[in-house]
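J.: First the structure, then my questions, so here it is.
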Protein chains: 2
Amino acid sequence: MSKKPEPISGFPEFLPAEQIAFNRVIDTIRRNYELTGAVPIETPAVERTSTLLAKGGNEKEIYGLRRLNADDSEAKDLALHFDLTVPLARYVAQHQGKLIFPFRRYQIQPVWRGERAQSGRYRQFYQCDIDVIGENELSLLNDAEMPYVIYQIFRELNIGKFLIRINNRKVLKGFLASFGLDEKIIKRAIHIIDSIEKVDEKKTKEDLIGLGVSAIQSNELLDFFTMTGSTDEILSFLNKKPINETYQEGVQELKQVVDAIRNLGIPDEYFTVDLKIARGLDYYTGTVYETKLINHPEIGSICSGGRYDELTGLFTEKKYPGVGISIGLTRLLPLLLDAGVIPVPPPTVAPVLVTVLQPEHINKYLNIAATLRASGINTEIFLENKKLNAQMKYANKKGFKLVIVAGDDEFNRSIVMVKNMQTGEQLEVVESDINIYIKDILNAIKC
Amino acid sequence: MSKKPEPISGFPEFLPAEQIAFNRVIDTIRRNYELTGAVPIETPAVERTSTLLAKGGNEKEIYGLRRLNADDSEAKDLALHFDLTVPLARYVAQHQGKLIFPFRRYQIQPVWRGERAQSGRYRQFYQCDIDVIGENELSLLNDAEMPYVIYQIFRELNIGKFLIRINNRKVLKGFLASFGLDEKIIKRAIHIIDSIEKVDEKKTKEDLIGLGVSAIQSNELLDFFTMTGSTDEILSFLNKKPINETYQEGVQELKQVVDAIRNLGIPDEYFTVDLKIARGLDYYTGTVYETKLINHPEIGSICSGGRYDELTGLFTEKKYPGVGISIGLTRLLPLLLDAGVIPVPPPTVAPVLVTVLQPEHINKYLNIAATLRASGINTEIFLENKKLNAQMKYANKKGFKLVIVAGDDEFNRSIVMVKNMQTGEQLEVVESDINIYIKDILNAIKC
């Protein structure tokens, strides 16, 4: 057999350049999650099937395990997790006595979904989650930490203007209840509101009327949920309507979260109260978030999440409320790269290549590389027996910033040549100070 | 249902402190892999079953996928990878036209093995692999880069004295062939040599005699493979015996690799030529490595690998020789933590906690935290409504280095109190310069 392997639909993998971009984004997310004190955890890819189904996971979307050609009994109750929330709930319930609450954790791992291949969906993709879990209760102020990390991450990623859209499910529910809708209908209404941006106004109104409200009421609802204005204008408008207790609680929560967001230093232009942000999941009970790129609305929400009353209901009797967000990076990164929002980096993590002009000086070349590496400069050595021409071609293809070339002439003068691959400029550098020079040149290029 | 979830045997997970330690080791490995210019890749957890079995994977050890309660046809040829070498071979064969050779790549991912639970083995564990793959050929000098990264990683991890043991399969094979052993017997002999340290001398001799050599020859073999001495003594001894071509090729390779290792700056005390290092896998064809901790031989090899002639034989007709090493971190880290070789860190990634003494000043506390974070200092805020006493208890439990406390008294004087949790010392710090002060204090603590 020597058939060229084919990709498996739904299981993406990157070439090195894209992988480098991916890892840099992961690093940025991780650093900013840790900036707020969140600790990392990682759960096994595998959970008990019963655990995954406990919270109503969709059986069809779950990949179970089986052992090839062996006794299956130990694998038959095992399956791959389809998100990081169910594993978090299981982790908290299992280790509750050993965790310190409030438990701020982040978790960056792939998840698996048994989607049909033809739907074009990913069957393995990364989720980057951060959540704060309280024991019995959790201060509302934590709801302001989530927009804070979103702001930090996407500012640092330099992806242009974005808007964190914040709402509170209590406002939604309270407002809908004031129309005489019961809980079941409210759930359906929330799904309609969640789709306002995806369908036209006429369809939304029809859907709302389908819930049993009048045409006038459907207009009123639509006006409310699509309200625009500054954050303070919207909050002050909401505050004037003493609709019911749930609604007022939601408005007060929104106000407090907005205050705290401002005190955490997020400029007003980066967030807004948006009453049509509903989030599909029934799971959320208070604050909800979505984030959009102003110049790339086609990408959809780049980060979303919210507050929930009960994380672990099915695994323990204790109450663990929480708030969190998730970034679906496997889906997001190719969109950002394709849109040019994030540039594709060159396929090297090393800025410097040491070439081997005369193999008899290999000890010199190895020494130079070791010296640079000892100064923390990622340095590759071209070790293959090729002409300098081929080595320079390699350097160009991989995108090294600096290439070091030296032979008898240079070594006799105790120097090496450093070629700046962007400008073509060649510099003579004293061999013994090479690490200092190269550091300076790299710093200058960066600026 | 509210039954406390039980761990699944063979699928380990860490509490936050251990996870922090784990991630730090991963970061160190990654940084040092990148120091040599290796690029990251990541392959999906899932490969085609036919791919995994192509190189003779053990069917019983492979976890296949199945879809719960759904049409299984799309999942039935899919399985979880059991190592990172087969996926690398498939990746290189699949993307060969798009990769730049020599292809230096590293890959840090979990792998899965369908081991019986009772054997106490891990069924999911991390492998941290680095390999350099050539197109048709690959310079022997790459074989020196592997001890270089091993040295850098374990030095930086500060795990005490270790020894990188280097051998060459050609020396082994050539020497064994000179006893008239054929290829099949040589394979068996290599497994015996690989076990020299695990069984007693008598057993080794018996095993060797079982191959068809005389008692005198078995002594001769054992003397050879257990030879001790300085690297140069052993090399010079080997060099004097012109046994056969394979043997001499191996000796020359060993010498070249040792020269290059020295030129890369690895002190002689950290590596040795050890003729009994054989590595079980038939896969290896030249240089082989194992690494042991001098003070913890019970931990076994902490890092091993070697040179292979053909990576992708089953997926493409082109020849891709390579050299690489692997660190099995899931197994290794708990051993290092248990042995006290790596200390268990406190369960926080933030050195600073901002307490909330008077909730009415919440805007101040949030400001302070935001200022510290803007200076890159990981900072947690205690947002729950608890007495200062409870907040200090939390700070102690999590192991923050510095805790910031301030109320009316302090704010009126434009200062905050900073408590050093290690010394108990309390310092008054000017509020507006807090980031500068805290940075200085943290730097001082580190030194």
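Residues in the structure tokens are named by chain (A, B, ... in the order shown) and by number from 1 within that chain; ligands are numbered from 1 in the order shown.
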Quick one: residues within 12 Å of Glu360 of chain A, only C-alpha atoms, excluding same-chain residues fewer than 3 positions away - as a list in words?
T.: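 Final neighbour list, sorted by chain and number: Val356, Leu357, Asn363, Lys364, Tyr365, Leu366, Asn385, Ala406, Gly407 and Asp408 of chain A.
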J.: Using the chain letters and numbers from this document, which residues of segment 345-403 of chain B does DSSP assign to strand (DSSP E), as a short mmCIF file (atom, residue, chain, number, x, y, z; two decimals) with N, CA and C atoms, in the first residue's frame?
T.:
data_model
loop_
_atom_site.label_atom_id
_atom_site.label_comp_id
_atom_site.auth_asym_id
_atom_site.auth_seq_id
_atom_site.Cartn_x
_atom_site.Cartn_y
_atom_site.Cartn_z
N VAL B 352 -1.23 37.90 43.04
CA VAL B 352 -1.86 38.98 43.81
C VAL B 352 -3.37 38.78 43.96
N LEU B 353 -3.86 39.01 45.17
CA LEU B 353 -5.31 39.05 45.42
C LEU B 353 -5.69 40.43 45.92
N VAL B 354 -6.68 41.04 45.29
CA VAL B 354 -7.24 42.30 45.79
C VAL B 354 -8.47 41.94 46.61
N THR B 379 -3.90 39.04 38.46
CA THR B 379 -4.51 39.56 39.68
C THR B 379 -5.93 39.06 39.83
N GLU B 380 -6.20 38.47 40.98
CA GLU B 380 -7.56 38.03 41.25
C GLU B 380 -8.23 39.04 42.19
N ILE B 381 -9.52 39.20 42.04
CA ILE B 381 -10.27 40.07 42.94
C ILE B 381 -11.23 39.18 43.73
N LEU B 402 0.94 38.13 47.43
CA LEU B 402 0.62 39.45 47.98
C LEU B 402 -0.89 39.64 48.03
N VAL B 403 -1.35 40.25 49.11
CA VAL B 403 -2.77 40.55 49.23
C VAL B 403 -2.92 42.05 49.47
#
J.: Would you compute the distance between atom CA of Glu245 of chain B and atom CA of Ser195 of chain B? Give it in Å to one decimal.
T.: 26.2 Å
J.: So that I can see what lies close to segment 420-435 of chain B, please list as a VMD selection string the residues with an atom at most 10 Å from it, counting only C-alpha atoms and leaving out residues fewer than 2 positions away in the same chain.
T.: chain B and resid 352 364 368 to 377 392 395 to 396 399 to 406 410 to 411 413 to 418 437 to 442 445
J.: Can you spit out the residues from that selection as a PDB file, in the first residue's frame, using C-alpha atoms?
T.:
ATOM      1  CA  VAL B 352      -1.861  38.982  43.815  1.00  0.00           C
ATOM      2  CA  LYS B 364     -11.624  51.346  43.685  1.00  0.00           C
ATOM      3  CA  ILE B 368      -6.625  48.613  41.311  1.00  0.00           C
ATOM      4  CA  ALA B 369      -6.973  45.137  39.802  1.00  0.00           C
ATOM      5  CA  ALA B 370      -7.311  46.577  36.297  1.00  0.00           C
ATOM      6  CA  THR B 371      -4.183  48.686  36.819  1.00  0.00           C
ATOM      7  CA  LEU B 372      -2.164  45.678  37.964  1.00  0.00           C
ATOM      8  CA  ARG B 373      -3.447  43.511  35.112  1.00  0.00           C
ATOM      9  CA  ALA B 374      -2.597  46.250  32.611  1.00  0.00           C
ATOM     10  CA  SER B 375       0.998  45.880  33.847  1.00  0.00           C
ATOM     11  CA  GLY B 376       0.835  42.167  33.096  1.00  0.00           C
ATOM     12  CA  ILE B 377       0.422  41.081  36.719  1.00  0.00           C
ATOM     13  CA  MET B 392      -7.576  36.136  54.063  1.00  0.00           C
ATOM     14  CA  ALA B 395      -5.742  33.919  50.171  1.00  0.00           C
ATOM     15  CA  ASN B 396      -3.820  31.517  52.402  1.00  0.00           C
ATOM     16  CA  GLY B 399      -1.186  30.666  48.126  1.00  0.00           C
ATOM     17  CA  PHE B 400      -1.232  34.233  46.823  1.00  0.00           C
ATOM     18  CA  LYS B 401       2.069  36.000  47.380  1.00  0.00           C
ATOM     19  CA  LEU B 402       0.622  39.451  47.982  1.00  0.00           C
ATOM     20  CA  VAL B 403      -2.767  40.548  49.233  1.00  0.00           C
ATOM     21  CA  ILE B 404      -4.025  44.101  48.848  1.00  0.00           C
ATOM     22  CA  VAL B 405      -6.252  45.502  51.591  1.00  0.00           C
ATOM     23  CA  ALA B 406      -7.685  49.011  51.698  1.00  0.00           C
ATOM     24  CA  GLU B 410      -6.185  53.951  53.390  1.00  0.00           C
ATOM     25  CA  PHE B 411      -8.079  55.561  50.541  1.00  0.00           C
ATOM     26  CA  ARG B 413      -4.483  58.800  52.540  1.00  0.00           C
ATOM     27  CA  SER B 414      -4.296  57.661  48.865  1.00  0.00           C
ATOM     28  CA  ILE B 415      -2.546  54.456  49.835  1.00  0.00           C
ATOM     29  CA  VAL B 416      -3.293  50.741  50.023  1.00  0.00           C
ATOM     30  CA  MET B 417      -1.871  48.069  52.322  1.00  0.00           C
ATOM     31  CA  VAL B 418       0.076  45.278  50.671  1.00  0.00           C
ATOM     32  CA  TYR B 437       5.498  48.879  43.588  1.00  0.00           C
ATOM     33  CA  ILE B 438       3.871  45.490  43.164  1.00  0.00           C
ATOM     34  CA  LYS B 439       6.127  44.670  40.225  1.00  0.00           C
ATOM     35  CA  ASP B 440       9.176  45.536  42.305  1.00  0.00           C
ATOM     36  CA  ILE B 441       8.012  43.493  45.274  1.00  0.00           C
ATOM     37  CA  LEU B 442       7.247  40.479  43.075  1.00  0.00           C
ATOM     38  CA  ILE B 445      10.405  37.815  46.024  1.00  0.00           C
TER      39      ILE B 445
END
J.: What does the distance from atom CA of Phe14 of chain B to atom CA of Leu65 of chain A come to in Å, to one decimal?
T.: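 Rounded to one decimal, the two atoms are 22.6 Å apart.
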J.: Can you list, as a ChimeraX atom specification, every protein, DNA or RNA residue that comes within 10 Å of segment 75-84 of chain A when you count only C-alpha atoms, leaving out same-chain residues fewer than 4 positions away?
T.: /A:42-52,57-58,61-67,70-71,88-89,106-114,123-130,326 /B:8,63-68,114,116-117
J.: Show me, as a list in words, the residues that have an atom within 8 Å of Leu332 of chain B when counting only C-alpha atoms, minus same-chain residues fewer than 4 positions from it.
T.: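 Close residues of Leu332 of chain B: Ile299, Ile302, Gly328 and Leu336 of chain B.
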J.: With only C-alpha atoms as the counted atoms, please give the residues lying no more than 10 Å from segment 166-176 of chain B, apart from itself and same-chain residues fewer than 2 positions off, as an MDAnalysis selection string.
T.: chainID B and resid 147 163:164 178:183 185:187 189:190 193 221 224:225 231 238 241 243:254 257:258 271:279 282 284:291 304:307
J.: Using DSSP on the backbone coordinates, identify all residues within segment 192-306 of chain B classified as helix (DSSP H, G or I); present the result as a ChimeraX atom specification.
T.: /B:192-194,201-209,215-225,231-239,245-263,268-270,297-299
J.: Could you work out how far atom CA of Glu34 of chain A lies from atom CA of Asn32 of chain B, giving the answer in Å with one decimal?
T.: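 Here the two named atoms are 22.3 Å from each other.
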J.: Which residue out of A:Glu135, A:Val25, A:Ser301, A:His361 has the minimum interatomic distance to Asn158 of chain A when only C-alpha atoms are used?
T.: A:Val25
J.: If we count only C-alpha atoms and set the cut-off at 6 Å, which residues sit around His191 of chain A, ignoring sequence neighbours fewer than 3 positions away in its own chain? Please answer as JSON, numbers by chain.
T.: {"A": [188, 194, 280]}
J.: Find the residue from A:Asp338, A:Glu317, A:Asp223, A:Glu269 that sits nearest to chain B; use only C-alpha atoms when measuring.
T.: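 Checking each candidate against chain B, we get A:Glu317 as the closest.
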J.: Using only C-alpha atoms, can you tell me which of A:Gly300, A:Gly340, A:Pro7, A:Pro359 comes closest to chain B?
T.: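 Distance minimum relative to chain B lands on A:Pro7.
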J.: With distances taken over only C-alpha atoms, which residue among A:Pro343, A:Gly160, A:Gly10, A:Gly265 lies nearest chain B?
T.: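 Residue with the minimum atom-to-atom distance to chain B: A:Gly265.
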J.: I'd like to know which of B:Lys255, B:Lys387, B:Lys4, B:Lys240 is closest to chain A, using only C-alpha atoms.
T.: B:Lys4
J.: Nearest to chain B: which of A:Glu197, A:Asp409, A:Glu384, A:Asp268 is it, counting only C-alpha atoms?
T.: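 Under the stated criterion, the closest residue is A:Glu384.
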